[in-house]
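Notes for the one structure printed next.
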Protein chains: 4
Amino acid sequence: MRTLWRAPYAGPHFRASYDRILTATATMLVNNNTIHIEWGDCDPLGIVYFPRYFEFFDACTNALFEQAGLPKQELLRKYEIAGIPLVDARCRFILPSAFGDRVNVESAITKWGTSSFSVEHRLYKGELLAVEGFETRVWVVREPLDPRGIRSQTIPQELIDRFGPIEPEP
Amino acid sequence: MRTLWRAPYAGPHFRASYDRILTATATMLVNNNTIHIEWGDCDPLGIVYFPRYFEFFDACTNALFEQAGLPKQELLRKYEIAGIPLVDARCRFILPSAFGDRVNVESAITKWGTSSFSVEHRLYKGELLAVEGFETRVWVVREPLDPRGIRSQTIPQELIDRFGPIEPEP
Amino acid sequence: MRTLWRAPYAGPHFRASYDRILTATATMLVNNNTIHIEWGDCDPLGIVYFPRYFEFFDACTNALFEQAGLPKQELLRKYEIAGIPLVDARCRFILPSAFGDRVNVESAITKWGTSSFSVEHRLYKGELLAVEGFETRVWVVREPLDPRGIRSQTIPQELIDRFGPIEPEP
Amino acid sequence: MRTLWRAPYAGPHFRASYDRILTATATMLVNNNTIHIEWGDCDPLGIVYFPRYFEFFDACTNALFEQAGLPKQELLRKYEIAGIPLVDARCRFILPSAFGDRVNVESAITKWGTSSFSVEHRLYKGELLAVEGFETRVWVVREPLDPRGIRSQTIPQELIDRFGPIEPEP
């Protein structure tokens, strides 16, 4: 059952449940981040300029790796990869946020491929789902013979194991 | 036939064809923008930080309205709307671009709903398709009784007519 | 004596001292902010792209007002001002920071004019001063007869009093 | 006499004069850039968010090097430097700009030190000076023994010669 991750609300009750999940290694790792909307994030309408959400979610993916024990800068060094660039990024905007708002983002890796993986983000204003984000990223190394080129590589299983099993759709 | 807009290449031949299209009001309006990739657009990998593409495409949508004779600031005044915020934004990243690259973006409105519309962007490095962008935007006005609220409204037909007929998929 | 604010180090000892300051209303208000350097803040050299520091410090000025009991959005409403835009902004860059660094910023208002004020920011990497920021801002209202125009106005004394006395240079 | 570079106005007459300067190698190189203010450059006040000006001017410095025949990416390769990072950046904000404005920036190197140099930028709205920018940059190479460290180095005279003589203050 995926009631927690798929739940439309992320109130205190659910967040308490997440805490239990995170201590159990047998469940999917979910990270929570609080973001304070800054003046410079907002456009002349007074609401968050939408590309900023992609920046927020990129930072949340990095925070997810940090929570799994591998901050991105260590990840790059440990596995000698060039990065985890995106091949696909998408957001659904449901409710706007404005300067001064404090919003909460839940992030989890929802699919592992051979050399790619999917990350989902849910940004909540209080109890309300405001933005959903979807990223598909690739595990890439530098081309040995071309310092400017990159190519995909198999993701190490030991890394995948750090994030717990993907919970199936209900 | 949609050979022009769906064409995988955007070389001089096609751009010449676009010029003819733009003088004929019976075809879909397509806008071309050249973007110079700046140092500040790039990340530690040396390639464009992906949220910047959403900023590029947002500017290209504004340029498309300007080409249709209604720069966004005039659009807001003329129709007394609050804006054309996004409900969905997506990019597919095919090839990276780096500092100093000059890339070309083609943009067109590919669907008109009652109060929403879809914009597609194709970013080319020379002849190669590098990024595809998709936006769904809503025509919104301020709530009369709540200065911070916004609600959707029917898009005026005279505005839609400025962009020419949507060419069907081949 | 201005040893605290002018001190070259901002270690735990000094921060404990600040806490005492903040409970005493007779001393200058100083705000501390921790910033996590994100991937998207960094350039192809792998270090923070310098305009980001101006964004960081702008957010720190807002946090300073929030600490004084007046978050910027309340400030705008309470005093019916249009904003506190800058007339001068400057940074001195002493040490670079990189992705993954956690840095600490101390911020204080160091001068009050009739309708303008100066803010200073010190960004530390551990014990080391890495960036100094200086802002001069103006207290502006909308022109009554021109909705797009702004003009300066006298800063209310009750607002100034919230920040405590400016400590003179040693 | 520095009437051109120090002139308060940058109308067509002066720009015609610059064109003559640029063909004469005996005078200071000045670069002109036109910038279209985008929606995403503006804040809830509807005016350019001030850190964007530092981004604009950074791009203008790069354009100045390109005009001198050495785009930054070639500069890095040719002289095997790590970059030209800033040690000091400052802007004076005189007039705000808003979404849709087209502004003109004039940029020139106004001082050469042994391993540092100063760049000045003037942003005009029509005939009016709106923002002045000042950058001090350092010519740096990677530390041979520390791939993350950088240190300053003497600027090659042949590079300096490309920019013409600095015109003295009037």
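Residue numbering restarts at 1 in every chain; chains get A, B, ... in the order shown in the structure tokens, and ligands count up from 1 in that same order.
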Distance query Arg151 of chain B at most 12 Å, only C-alpha atoms, self and fewer than 3 positions along chain excluded, as a short mmCIF file (atom, residue, chain, number, x, y, z; two decimals) with N, CA, C and O atoms, in the first residue's frame:
data_model
loop_
_atom_site.label_atom_id
_atom_site.label_comp_id
_atom_site.auth_asym_id
_atom_site.auth_seq_id
_atom_site.Cartn_x
_atom_site.Cartn_y
_atom_site.Cartn_z
N LEU A 95 -1.06 25.37 -7.24
CA LEU A 95 -1.33 26.59 -6.46
C LEU A 95 -0.08 27.46 -6.45
O LEU A 95 1.02 26.95 -6.27
N PRO A 96 -0.23 28.77 -6.62
CA PRO A 96 0.96 29.64 -6.57
C PRO A 96 1.42 29.85 -5.13
O PRO A 96 0.65 29.71 -4.19
N ILE B 81 -5.57 41.47 -18.10
CA ILE B 81 -5.33 40.18 -17.45
C ILE B 81 -4.18 40.32 -16.46
O ILE B 81 -3.39 41.27 -16.51
N ALA B 82 -4.12 39.35 -15.52
CA ALA B 82 -3.04 39.36 -14.52
C ALA B 82 -1.79 38.71 -15.10
O ALA B 82 -0.68 39.00 -14.65
N GLY B 83 -1.96 37.83 -16.08
CA GLY B 83 -0.80 37.16 -16.66
C GLY B 83 -1.21 35.90 -17.41
O GLY B 83 -2.40 35.65 -17.63
N ILE B 84 -0.20 35.15 -17.84
CA ILE B 84 -0.42 33.87 -18.50
C ILE B 84 0.44 32.81 -17.80
O ILE B 84 1.34 32.22 -18.41
N PRO B 85 0.15 32.57 -16.50
CA PRO B 85 0.98 31.64 -15.72
C PRO B 85 0.86 30.20 -16.22
O PRO B 85 -0.10 29.84 -16.91
N SER B 115 -9.59 28.47 -22.06
CA SER B 115 -8.87 29.46 -21.26
C SER B 115 -7.41 29.07 -21.08
O SER B 115 -6.71 29.65 -20.26
N SER B 116 -6.95 28.06 -21.84
CA SER B 116 -5.55 27.67 -21.74
C SER B 116 -4.99 27.45 -23.13
O SER B 116 -5.73 27.34 -24.11
N VAL B 138 -2.32 29.42 -18.75
CA VAL B 138 -3.71 29.79 -18.52
C VAL B 138 -3.85 31.31 -18.60
O VAL B 138 -2.97 32.05 -18.18
N TRP B 139 -4.96 31.73 -19.17
CA TRP B 139 -5.32 33.14 -19.32
C TRP B 139 -6.05 33.53 -18.05
O TRP B 139 -7.16 33.06 -17.80
N VAL B 140 -5.41 34.34 -17.18
CA VAL B 140 -6.01 34.63 -15.88
C VAL B 140 -6.21 36.11 -15.63
O VAL B 140 -5.44 36.96 -16.08
N VAL B 141 -7.28 36.40 -14.90
CA VAL B 141 -7.55 37.77 -14.43
C VAL B 141 -7.53 37.77 -12.91
O VAL B 141 -7.60 36.73 -12.27
N ARG B 142 -7.41 38.95 -12.33
CA ARG B 142 -7.46 39.09 -10.87
C ARG B 142 -8.90 38.87 -10.42
O ARG B 142 -9.84 39.29 -11.08
N GLU B 143 -9.04 38.21 -9.28
CA GLU B 143 -10.35 38.07 -8.66
C GLU B 143 -10.84 39.45 -8.27
O GLU B 143 -10.11 40.20 -7.60
N PRO B 144 -12.07 39.83 -8.67
CA PRO B 144 -12.54 41.19 -8.35
C PRO B 144 -12.53 41.48 -6.85
O PRO B 144 -12.21 42.58 -6.43
N LEU B 145 -12.85 40.47 -6.04
CA LEU B 145 -13.01 40.72 -4.61
C LEU B 145 -11.78 40.35 -3.80
O LEU B 145 -11.74 40.56 -2.59
N ASP B 146 -10.76 39.75 -4.43
CA ASP B 146 -9.56 39.33 -3.71
C ASP B 146 -8.34 39.71 -4.53
O ASP B 146 -7.98 39.02 -5.47
N PRO B 147 -7.69 40.83 -4.17
CA PRO B 147 -6.58 41.33 -4.99
C PRO B 147 -5.44 40.34 -5.14
O PRO B 147 -4.63 40.48 -6.04
N ARG B 148 -5.36 39.33 -4.24
CA ARG B 148 -4.26 38.36 -4.36
C ARG B 148 -4.69 37.12 -5.14
O ARG B 148 -3.87 36.27 -5.46
N THR B 154 -12.03 33.13 -20.53
CA THR B 154 -12.00 32.74 -21.94
C THR B 154 -11.01 33.60 -22.72
O THR B 154 -11.00 34.83 -22.58
#
(request) Provide as number ranges by chain the residues of chain A at most 7 Å from chain D, counting only C-alpha atoms. (result) A: 39-40, 42-46, 49
(message) What's around Lys125 of chain D at 9 Å? Count only C-alpha atoms, leave out sequence neighbours fewer than 5 positions away in its own chain, and write the answer as a list in words.
(response) Leu95, Ser97, Asp101, Arg102, Val103, Asn104 and Ala130 of chain D
(request) Mind the document's chain letters and residue numbers, and return as a PyMOL selection string the residues of chain D that DSSP labels helix (DSSP H, G or I). (result) chain D and resi 3-6+12-23+39-41+51-67+72-79+157-161
(request) Tell me which of C:Asp58, C:Val105, C:Gly113, C:Arg77 sits closest to Glu127 of chain C, counting only C-alpha atoms. (result) C:Val105
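Between atom CA of Lys72 of chain C and atom CA of Tyr124 of chain A the separation is 22.1 Å.
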(request) Could you give me, as a count of residues only, the residues within 8 Å of Leu86 of chain C, counting only C-alpha atoms and dropping anything in the same chain fewer than 3 positions from it? (result) 7
